[in-house]
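A.B. asks: My structure is stored as data-v1.cif, with mmCIF, C-alpha atoms.
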data_my_file
loop_
_atom_site.label_atom_id
_atom_site.label_comp_id
_atom_site.auth_asym_id
_atom_site.auth_seq_id
_atom_site.Cartn_x
_atom_site.Cartn_y
_atom_site.Cartn_z
CA MET A 1 16.19 -14.68 17.28
CA SER A 2 14.97 -13.55 13.87
CA HIS A 3 14.66 -9.95 12.78
CA TRP A 4 11.35 -9.28 11.04
CA SER A 5 10.27 -6.62 8.56
CA ILE A 6 6.49 -6.22 8.40
CA LEU A 7 5.24 -4.50 5.26
CA GLY A 8 2.02 -2.53 5.59
CA ASN A 9 0.05 0.19 7.37
CA GLY A 10 -3.22 -1.57 8.08
CA VAL A 11 -4.86 -3.84 10.59
CA SER A 12 -3.13 -7.04 9.44
CA ALA A 13 0.35 -5.52 9.69
CA LEU A 14 -0.29 -4.01 13.11
CA CYS A 15 -1.80 -7.22 14.53
CA VAL A 16 1.20 -9.21 13.30
CA ALA A 17 3.64 -6.63 14.66
CA THR A 18 1.83 -6.61 18.02
CA LEU A 19 2.09 -10.37 18.46
CA LEU A 20 5.75 -10.42 17.39
CA ALA A 21 6.49 -7.67 19.91
CA GLU A 22 4.66 -9.61 22.62
CA ARG A 23 6.91 -12.59 21.85
CA GLY A 24 9.98 -10.41 22.32
CA GLU A 25 10.99 -10.58 18.65
CA LYS A 26 13.05 -7.91 16.97
CA LEU A 27 11.03 -6.19 14.26
CA GLU A 28 10.41 -3.12 12.17
CA VAL A 29 7.34 -1.93 10.28
CA ILE A 30 7.81 -0.66 6.74
CA THR A 31 5.14 1.92 5.96
CA SER A 32 3.98 3.66 2.79
CA ASP A 33 1.84 6.63 1.78
CA HIS A 34 -1.12 4.36 0.93
CA GLN A 35 -4.16 4.71 3.17
CA PRO A 36 -5.07 1.18 4.29
CA ALA A 37 -8.58 -0.07 3.60
CA SER A 38 -8.93 -0.72 7.33
CA TRP A 39 -8.84 3.04 8.01
CA CYS A 40 -12.31 3.19 6.42
CA ALA A 41 -13.72 0.07 8.10
CA GLY A 42 -16.85 -0.12 10.21
CA GLY A 43 -15.11 -1.92 13.06
CA MET A 44 -17.90 -4.43 13.63
CA LEU A 45 -16.83 -7.60 15.42
CA ALA A 46 -19.88 -9.47 14.23
CA PRO A 47 -19.20 -13.13 13.40
CA TRP A 48 -22.80 -14.26 13.81
CA CYS A 49 -24.21 -11.66 11.40
CA GLU A 50 -21.57 -12.55 8.84
CA ALA A 51 -23.03 -16.07 8.60
CA GLU A 52 -25.58 -14.59 6.21
CA SER A 53 -23.02 -14.53 3.40
CA ALA A 54 -19.64 -15.72 4.71
CA PRO A 55 -18.08 -19.20 4.93
CA GLU A 56 -18.22 -21.06 8.24
CA GLU A 57 -14.55 -20.26 8.91
CA VAL A 58 -15.43 -16.58 9.34
CA ILE A 59 -17.92 -17.41 12.08
CA VAL A 60 -15.55 -19.78 13.89
CA TRP A 61 -12.44 -17.59 13.59
CA GLY A 62 -14.29 -14.35 14.24
CA GLN A 63 -15.49 -15.36 17.70
CA HIS A 64 -11.89 -14.83 18.87
CA SER A 65 -11.66 -11.18 17.88
CA ALA A 66 -13.57 -9.18 20.51
CA ALA A 67 -11.53 -10.62 23.39
CA TRP A 68 -8.28 -10.14 21.45
CA TRP A 69 -9.02 -6.47 20.87
CA ALA A 70 -10.32 -5.84 24.39
CA ASP A 71 -7.02 -7.16 25.80
CA ARG A 72 -5.04 -4.60 23.80
CA ILE A 73 -7.01 -1.43 23.16
CA PRO A 74 -9.59 0.69 25.01
CA GLY A 75 -13.12 1.24 23.82
CA VAL A 76 -14.31 -2.16 22.61
CA GLN A 77 -18.09 -2.00 22.99
CA HIS A 78 -19.92 -5.24 23.83
CA GLN A 79 -23.40 -4.02 22.95
CA GLY A 80 -24.38 -6.57 20.33
CA THR A 81 -25.80 -5.88 16.87
CA LEU A 82 -29.37 -4.96 15.95
CA VAL A 83 -30.70 -5.94 12.52
CA VAL A 84 -33.88 -4.33 11.15
CA ALA A 85 -35.74 -3.99 7.87
CA PRO A 86 -38.49 -1.66 6.63
CA PRO A 87 -41.96 -3.23 6.55
CA ARG A 88 -41.82 -3.62 2.77
CA ASP A 89 -38.64 -5.70 3.15
CA ALA A 90 -39.87 -7.91 6.00
CA ARG A 91 -38.96 -11.01 4.01
CA GLU A 92 -35.32 -9.90 4.09
CA LEU A 93 -35.40 -10.08 7.88
CA ASP A 94 -36.87 -13.58 7.78
CA ARG A 95 -34.23 -14.65 5.28
CA PHE A 96 -31.45 -13.17 7.45
CA ALA A 97 -32.78 -14.99 10.51
CA ALA A 98 -32.85 -18.30 8.65
CA MET A 99 -29.22 -17.92 7.50
CA THR A 100 -27.72 -16.85 10.84
CA ARG A 101 -27.72 -18.03 14.44
CA GLU A 102 -27.15 -16.83 18.02
CA HIS A 103 -29.87 -14.18 17.72
CA GLN A 104 -33.25 -13.44 19.23
CA TRP A 105 -36.31 -11.61 17.95
CA VAL A 106 -36.81 -8.26 19.67
CA ASP A 107 -38.85 -5.09 19.54
CA PRO A 108 -36.12 -2.74 18.24
CA GLU A 109 -37.19 0.24 20.35
CA THR A 110 -36.54 -1.70 23.56
CA LEU A 111 -32.84 -1.67 22.64
CA GLU A 112 -32.66 1.59 20.72
CA PRO A 113 -35.31 4.07 21.89
CA ALA A 114 -34.53 6.29 18.89
CA LEU A 115 -36.22 3.65 16.72
CA GLU A 116 -39.56 4.06 18.53
CA LYS A 117 -42.46 3.06 16.25
CA ARG A 118 -40.18 2.79 13.22
CA PHE A 119 -39.65 -0.99 13.06
CA SER A 120 -42.01 -3.61 14.45
CA ARG A 121 -39.40 -6.33 14.94
CA GLY A 122 -35.70 -6.94 14.67
CA LEU A 123 -32.93 -9.46 15.31
CA PHE A 124 -30.55 -8.95 18.20
CA PHE A 125 -27.11 -10.61 18.17
CA ALA A 126 -26.15 -10.11 21.82
CA GLY A 127 -22.70 -11.72 21.54
CA GLU A 128 -21.26 -9.23 19.05
CA ALA A 129 -19.15 -6.12 19.61
CA HIS A 130 -17.70 -3.12 17.81
CA LEU A 131 -14.77 -0.71 18.01
CA ASP A 132 -13.54 2.47 16.37
CA PRO A 133 -11.00 1.29 13.76
CA ARG A 134 -9.01 4.52 13.80
CA ILE A 135 -8.57 4.42 17.56
CA ALA A 136 -7.59 0.75 17.31
CA LEU A 137 -5.00 1.32 14.58
CA THR A 138 -3.56 4.39 16.26
CA THR A 139 -3.36 2.66 19.64
CA LEU A 140 -1.56 -0.40 18.30
CA ARG A 141 0.93 1.79 16.46
CA GLU A 142 1.60 3.96 19.51
CA GLN A 143 2.07 0.91 21.73
CA LEU A 144 4.56 -0.56 19.27
CA ILE A 145 6.53 2.68 19.09
CA VAL A 146 6.68 2.84 22.90
CA SER A 147 7.99 -0.73 22.93
CA GLY A 148 10.81 0.30 20.59
CA VAL A 149 9.52 -0.78 17.19
CA ASN A 150 10.82 1.38 14.36
CA PHE A 151 8.31 2.57 11.74
CA HIS A 152 9.95 3.80 8.56
CA SER A 153 9.60 3.83 4.77
CA GLY A 154 13.07 2.57 3.91
CA PRO A 155 14.18 -0.86 2.71
CA ALA A 156 13.46 -3.97 4.74
CA THR A 157 16.39 -5.19 6.82
CA GLY A 158 14.92 -8.46 8.11
CA ARG A 159 12.83 -11.43 7.04
CA VAL A 160 9.76 -10.10 5.31
CA ILE A 161 6.12 -10.55 6.34
CA ASP A 162 4.01 -8.90 3.65
CA CYS A 163 0.72 -7.46 4.96
CA ARG A 164 0.15 -4.77 2.33
CA GLY A 165 -3.38 -5.74 1.34
CA ILE A 166 -4.29 -4.92 -2.23
CA HIS A 167 -0.91 -3.21 -2.70
CA ALA A 168 0.74 -6.65 -2.55
CA ARG A 169 -1.03 -7.78 -5.71
CA GLN A 170 2.16 -7.91 -7.77
CA ALA A 171 3.46 -10.55 -5.35
CA GLN A 172 0.00 -12.11 -4.88
CA PRO A 173 -1.65 -11.94 -8.32
CA GLU A 174 -4.67 -13.94 -7.11
CA LEU A 175 -5.82 -10.97 -5.07
CA ARG A 176 -8.73 -8.92 -6.38
CA ALA A 177 -10.01 -5.55 -5.20
CA VAL A 178 -13.45 -5.03 -3.70
CA ARG A 179 -14.33 -1.36 -3.49
CA GLY A 180 -16.04 -0.05 -0.38
CA GLU A 181 -17.60 3.38 0.04
CA MET A 182 -18.57 4.99 3.34
CA ILE A 183 -19.56 8.27 4.91
CA ILE A 184 -19.28 9.64 8.42
CA LEU A 185 -22.21 11.62 9.78
CA GLN A 186 -22.43 13.81 12.85
CA SER A 187 -25.70 14.50 14.65
CA SER A 188 -26.75 15.71 18.09
CA GLU A 189 -30.39 14.77 17.49
CA VAL A 190 -30.19 11.00 17.60
CA SER A 191 -28.07 8.42 19.39
CA PHE A 192 -27.52 4.67 19.15
CA SER A 193 -25.66 2.30 21.47
CA ARG A 194 -24.74 -0.41 18.96
CA PRO A 195 -24.37 -1.05 15.22
CA VAL A 196 -27.69 -1.18 13.42
CA ARG A 197 -27.86 -3.15 10.17
CA LEU A 198 -30.60 -2.16 7.74
CA LEU A 199 -31.58 -4.92 5.33
CA HIS A 200 -32.54 -4.13 1.77
CA PRO A 201 -32.59 -6.38 -1.33
CA ARG A 202 -30.25 -4.07 -3.28
CA PHE A 203 -28.18 -2.08 -0.81
CA PRO A 204 -28.05 -3.41 2.74
CA CYS A 205 -25.95 -1.17 4.94
CA TYR A 206 -25.01 -0.52 8.55
CA LEU A 207 -24.74 2.44 10.91
CA VAL A 208 -22.03 2.23 13.57
CA PRO A 209 -21.98 4.74 16.46
CA ARG A 210 -18.74 6.46 17.37
CA GLU A 211 -17.75 9.09 19.90
CA GLY A 212 -18.88 12.70 19.64
CA GLY A 213 -22.22 12.08 17.96
CA ARG A 214 -20.56 10.57 14.91
CA PHE A 215 -21.79 7.59 12.92
CA MET A 216 -20.02 5.54 10.28
CA LEU A 217 -22.46 4.66 7.51
CA GLY A 218 -21.33 2.02 5.05
CA ALA A 219 -20.49 0.29 3.05
CA THR A 220 -20.89 -0.69 -0.54
CA MET A 221 -19.36 -3.83 -2.04
CA VAL A 222 -18.28 -3.30 -5.65
CA GLU A 223 -15.98 -5.60 -7.61
CA SER A 224 -13.73 -2.85 -8.88
CA ASP A 225 -10.15 -1.54 -8.84
CA ASP A 226 -11.45 2.05 -8.83
CA ASN A 227 -10.23 3.88 -5.74
CA SER A 228 -11.59 7.30 -6.71
CA VAL A 229 -13.91 9.34 -4.50
CA ILE A 230 -17.38 8.13 -3.56
CA SER A 231 -19.96 7.93 -6.34
CA ALA A 232 -23.18 9.92 -6.35
CA ARG A 233 -25.16 6.67 -6.45
CA ALA A 234 -23.46 5.31 -3.34
CA MET A 235 -23.88 8.61 -1.51
CA MET A 236 -27.60 8.76 -2.31
CA GLU A 237 -28.21 5.14 -1.35
CA LEU A 238 -26.33 5.45 1.93
CA LEU A 239 -28.10 8.69 2.87
CA SER A 240 -31.45 7.18 1.91
CA ALA A 241 -30.72 4.28 4.25
CA ALA A 242 -29.80 6.69 7.05
CA TYR A 243 -33.11 8.51 6.57
CA THR A 244 -34.96 5.18 6.69
CA LEU A 245 -33.38 4.43 10.05
CA HIS A 246 -34.27 7.84 11.47
CA PRO A 247 -35.51 11.04 9.75
CA ALA A 248 -33.36 13.18 12.06
CA LEU A 249 -30.31 11.88 10.23
CA ALA A 250 -31.43 13.95 7.23
CA GLU A 251 -30.15 16.94 9.22
CA ALA A 252 -26.86 15.28 10.15
CA ARG A 253 -23.66 16.76 8.80
CA VAL A 254 -21.59 14.72 6.35
CA ILE A 255 -18.13 15.25 7.80
CA GLU A 256 -16.31 12.69 5.66
CA SER A 257 -16.75 10.44 2.67
CA ASN A 258 -14.15 7.88 1.78
CA THR A 259 -13.37 4.76 -0.22
CA GLY A 260 -11.08 1.79 0.12
CA LEU A 261 -10.08 -1.29 -1.83
CA ARG A 262 -10.44 -4.46 0.21
CA PRO A 263 -8.09 -7.32 -0.74
CA ALA A 264 -9.77 -10.67 -1.43
CA TYR A 265 -8.77 -14.10 -2.65
CA ARG A 266 -11.20 -16.10 -4.77
CA CYS A 267 -12.66 -17.87 -1.72
CA ASN A 268 -13.16 -14.59 0.20
CA LEU A 269 -11.14 -16.02 3.09
CA PRO A 270 -7.80 -14.65 4.36
CA GLN A 271 -4.72 -16.79 4.18
CA VAL A 272 -1.24 -17.07 5.64
CA ARG A 273 1.15 -18.08 2.88
CA TYR A 274 4.88 -18.70 2.60
CA GLU A 275 6.30 -18.19 -0.89
CA ASP A 276 9.86 -17.54 -2.06
CA GLY A 277 11.11 -16.82 1.44
CA VAL A 278 8.33 -14.35 2.26
CA PHE A 279 5.35 -14.78 4.57
CA HIS A 280 2.09 -13.25 3.33
CA VAL A 281 -0.93 -12.38 5.49
CA ASN A 282 -3.63 -11.13 3.17
CA GLY A 283 -7.12 -11.49 1.70
CA MET A 284 -9.11 -10.03 4.60
CA TYR A 285 -11.97 -9.05 2.27
CA ARG A 286 -14.64 -7.31 4.42
CA HIS A 287 -13.45 -8.94 7.66
CA GLY A 288 -10.28 -7.06 8.56
CA PHE A 289 -10.86 -6.30 12.23
CA LEU A 290 -12.81 -9.51 12.70
CA LEU A 291 -10.15 -11.86 11.29
CA ALA A 292 -6.78 -10.08 11.41
CA PRO A 293 -6.17 -11.20 15.03
CA ILE A 294 -6.70 -14.90 14.32
CA MET A 295 -4.64 -14.72 11.12
CA ALA A 296 -1.80 -13.10 13.07
CA GLU A 297 -2.11 -15.93 15.61
CA GLN A 298 -1.96 -18.50 12.81
CA LEU A 299 1.21 -16.85 11.54
CA MET A 300 2.74 -17.08 15.02
CA GLN A 301 1.97 -20.81 15.04
CA LYS A 302 3.75 -21.23 11.71
CA LEU A 303 6.77 -19.32 13.00
CA SER A 304 6.89 -21.50 16.11
CA GLN A 305 6.73 -24.65 13.98
CA GLU A 306 9.52 -23.27 11.82
CA ASN A 307 11.70 -22.70 14.90
CA LEU A 308 11.05 -26.25 16.06
CA ALA A 309 11.85 -27.81 12.68
#
Using structure tokens, write down the structure from this file.

C.D. replies:
Amino acid sequence: MSHWSILGNGVSALCVATLLAERGEKLEVITSDHQPASWCAGGMLAPWCEAESAPEEVIVWGQHSAAWWADRIPGVQHQGTLVVAPPRDARELDRFAAMTREHQWVDPETLEPALEKRFSRGLFFAGEAHLDPRIALTTLREQLIVSGVNFHSGPATGRVIDCRGIHARQAQPELRAVRGEMIILQSSEVSFSRPVRLLHPRFPCYLVPREGGRFMLGATMVESDDNSVISARAMMELLSAAYTLHPALAEARVIESNTGLRPAYRCNLPQVRYEDGVFHVNGMYRHGFLLAPIMAEQLMQKLSQENLA
């Protein structure tokens, strides 16, 4: 039996560690002080919506994710995704419908009463789901610790699986950073049951409900290595979008703003690589929670093939 050292704090590292632990492998997780990009994710398990801009692999692979998460953590919500657009951007909704599938046209207020009389039509992707990324990450880590996995910041003592995201760029120079900015709102005046995507030609965004009247509002996509605090432009655009969804959100409290650097290869698809004796699971781009499970499964297949060779 091999002894594995998984490098990383984020969703890819924890999915890989979880599957190794389920196989009965000996492993450790090497952590760092870096906040993973997945800590700031929306947690949408939305393969059908992603067809608007993502390669076909994302749609095919992503259909696996909701069941994978539901088998391992509490709180996966199978409420679908609602997509809307202001009347002036109605063409954006038609374009989105033409580029995606597995949806139906709906009156948005029939699904989300808070949207009463605000949007005349919308697209409902009934097969999609969402989760709270921070609960998911914390739960996987706690389960691994209970099973005896050691988390530490010392040197690796086993065969390395590098899942450090953008912090692995020295070993994976093809990686580029894609900056994301998000805010978390809290409001007792409005509630939603599912993620709502608001289409706009310049800054489409999404609102994801969480427990305690909180909402994650995100997220920008900027080709940049800048990991500084949120910009005024992003804050204004995100809050403007929130107001467009519902005026009551103007009175919501901004309880957090945050940024993260998503790791991406040129093709915007994640990969499992083996180079110089090290396995790499990286390049999740904007699809961390959607694709990390299937990439961890692909790694397990490679390890099984290696054992059979």

A.B. asks: Measure the distance from atom CA of Leu290 of chain A to atom CA of Gly62 of chain A in Å and round it to one decimal.

C.D. replies: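 Atom CA of Leu290 of chain A sits 5.3 Å away from atom CA of Gly62 of chain A.
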
A.B. asks: Name the residues within 12 Å of (4.3, -12.4, 21.7), counting all atoms listed in the file in the file's coordinates, and put them as a PDB file with C-alpha atoms, in the frame of the given file.

C.D. replies:
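Output below, filename result-v2.pdb:
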ATOM      1  CA  CYS A  15      -1.800  -7.220  14.530  1.00  0.00           C
ATOM      2  CA  VAL A  16       1.200  -9.210  13.300  1.00  0.00           C
ATOM      3  CA  ALA A  17       3.640  -6.630  14.660  1.00  0.00           C
ATOM      4  CA  THR A  18       1.830  -6.610  18.020  1.00  0.00           C
ATOM      5  CA  LEU A  19       2.090 -10.370  18.460  1.00  0.00           C
ATOM      6  CA  LEU A  20       5.750 -10.420  17.390  1.00  0.00           C
ATOM      7  CA  ALA A  21       6.490  -7.670  19.910  1.00  0.00           C
ATOM      8  CA  GLU A  22       4.660  -9.610  22.620  1.00  0.00           C
ATOM      9  CA  ARG A  23       6.910 -12.590  21.850  1.00  0.00           C
ATOM     10  CA  GLY A  24       9.980 -10.410  22.320  1.00  0.00           C
ATOM     11  CA  GLU A  25      10.990 -10.580  18.650  1.00  0.00           C
ATOM     12  CA  LYS A  26      13.050  -7.910  16.970  1.00  0.00           C
ATOM     13  CA  LEU A  27      11.030  -6.190  14.260  1.00  0.00           C
ATOM     14  CA  ALA A 296      -1.800 -13.100  13.070  1.00  0.00           C
ATOM     15  CA  GLU A 297      -2.110 -15.930  15.610  1.00  0.00           C
ATOM     16  CA  LEU A 299       1.210 -16.850  11.540  1.00  0.00           C
ATOM     17  CA  MET A 300       2.740 -17.080  15.020  1.00  0.00           C
ATOM     18  CA  GLN A 301       1.970 -20.810  15.040  1.00  0.00           C
ATOM     19  CA  LEU A 303       6.770 -19.320  13.000  1.00  0.00           C
ATOM     20  CA  SER A 304       6.890 -21.500  16.110  1.00  0.00           C
TER      21      SER A 304
END

A.B. asks: Nearest to Ile183 of chain A among A:Ser5, A:Asn258, A:Asn227, A:Asn268, with distances taken over all atoms listed in the file: which residue is it?

C.D. replies: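 Of A:Ser5, A:Asn258, A:Asn227, A:Asn268, the one nearest Ile183 of chain A, counting all atoms listed in the file, is A:Asn258.
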
A.B. asks: How big is the axis-aligned box around all listed atoms of segment 241-250 of chain A once 4 Å goes on each side, and where's its centre, in Å to one decimal, as JSON?

C.D. replies:
{"center_x": -32.7, "center_y": 9.1, "center_z": 8.2, "size_x": 13.7, "size_y": 17.7, "size_z": 15.8}

A.B. asks: Check which residues satisfy the PyMOL selection byres ((chain A and resi 158) around 9) in the file shown, then give them as a list in words.

C.D. replies: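 The output of the PyMOL selection byres ((chain A and resi 158) around 9) on this file is Ser2, His3, Trp4, Ser5, Ile6, Leu27, Glu28, Ala156, Thr157, Arg159 and Val160 of chain A.
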
A.B. asks: Using only C-alpha atoms, what table do you get, as a tab-separated table, when you list each residue of segment 130-228 of chain A with an atom no more than 6 Å from segment 76-97 of chain A, its nearest pair of atoms, and their distance in Å rounded to one decimal, rows by chain then rising number?

C.D. replies:
residue	atom	partner	partner_atom	distance
A:His130	CA	A:Gln77	CA	5.3
A:Leu131	CA	A:Val76	CA	4.8
A:Arg194	CA	A:Gln79	CA	5.5
A:Pro195	CA	A:Thr81	CA	5.3
A:Val196	CA	A:Leu82	CA	4.8
A:Arg197	CA	A:Val83	CA	4.6
A:Leu198	CA	A:Val84	CA	5.2
A:Leu199	CA	A:Ala85	CA	5.0

A.B. asks: Could I get the residues of segment 248-307 of chain A with an atom no further than 7 Å from an atom of segment 34-45 of chain A, each paired with its nearest atom pair and that distance in Å to one decimal, using all atoms listed in the file, sorted by chain and residue number, as a tab-separated table?

C.D. replies:
residue	atom	partner	partner_atom	distance
A:Asn258	CA	A:Cys40	CA	6.8
A:Thr259	CA	A:Cys40	CA	6.9
A:Gly260	CA	A:Ala37	CA	4.7
A:Leu261	CA	A:Ala37	CA	5.8
A:Arg262	CA	A:Ala37	CA	5.9
A:Gly288	CA	A:Ser38	CA	6.6
A:Phe289	CA	A:Gly43	CA	6.2
A:Leu290	CA	A:Leu45	CA	5.2

A.B. asks: Write out as a PDB file with C-alpha atoms, in the frame of the given file each polymer residue whose atoms come within 9 Å of Leu14 of chain A, counting all atoms listed in the file; drop sequence neighbours fewer than 6 positions from it.

C.D. replies:
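File produced: out_29.pdb:
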ATOM      1  CA  ILE A   6       6.490  -6.220   8.400  1.00  0.00           C
ATOM      2  CA  GLY A   8       2.020  -2.530   5.590  1.00  0.00           C
ATOM      3  CA  VAL A  29       7.340  -1.930  10.280  1.00  0.00           C
ATOM      4  CA  LEU A 137      -5.000   1.320  14.580  1.00  0.00           C
ATOM      5  CA  LEU A 140      -1.560  -0.400  18.300  1.00  0.00           C
ATOM      6  CA  ARG A 141       0.930   1.790  16.460  1.00  0.00           C
ATOM      7  CA  LEU A 144       4.560  -0.560  19.270  1.00  0.00           C
ATOM      8  CA  CYS A 163       0.720  -7.460   4.960  1.00  0.00           C
TER       9      CYS A 163
END

A.B. asks: Would you write out, as JSON, numbers by chain, every residue that the PyMOL selection byres ((chain A and resi 269-284) around 8) captures in this file?

C.D. replies: {"A": [12, 55, 57, 58, 159, 160, 161, 162, 163, 164, 165, 175, 262, 263, 264, 265, 266, 267, 268, 285, 286, 287, 288, 291, 292, 295, 296, 298, 299]}

A.B. asks: Just give me the gap between atom CA of Glu189 of chain A and atom CA of Leu111 of chain A in Å, one decimal is fine.

C.D. replies: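 Result for atom CA of Glu189 of chain A versus atom CA of Leu111 of chain A: 17.4 Å, one decimal.
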
A.B. asks: Name the residues that the PyMOL selection byres ((chain A and resi 212) around 9) picks from the file above, as a list of chain:residue names, using the file's chain letters and numbers.

C.D. replies: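 This file, filtered by the PyMOL selection byres ((chain A and resi 212) around 9), leaves A:Gln186, A:Ser187, A:Ser188, A:Arg210, A:Glu211, A:Gly213, A:Arg214, A:Phe215.
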
A.B. asks: Please indicate the distance in Å from atom CA of Tyr206 of chain A to atom CA of Ile184 of chain A, rounded to one decimal place.

C.D. replies: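 Here the two named atoms are 11.7 Å from each other.
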
A.B. asks: Measuring atom to atom with only C-alpha atoms, identify which of A:Met99, A:Leu217, A:Ser153, A:Asn9 is nearest to Ala54 of chain A.

C.D. replies: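 Smallest separation from Ala54 of chain A among the options: A:Met99.
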
A.B. asks: For a quick check of understanding, using only C-alpha atoms, which of A:Ala51, A:Leu249, A:Ala13, A:Ala46 has the smallest distance to Ala66 of chain A?

C.D. replies: A:Ala46

A.B. asks: Quick one: residues within 7 Å of Gly218 of chain A, only C-alpha atoms counted, chain neighbours fewer than 5 positions away excluded, as a count of residues only?

C.D. replies: 7

A.B. asks: Name the closest residue to Gly75 of chain A among the candidates A:Thr139, A:Arg179, A:His152, A:Arg169; distances are taken between atoms, counting all atoms listed in the file.

C.D. replies: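 The shortest atom-to-atom distance to Gly75 of chain A comes from A:Thr139.
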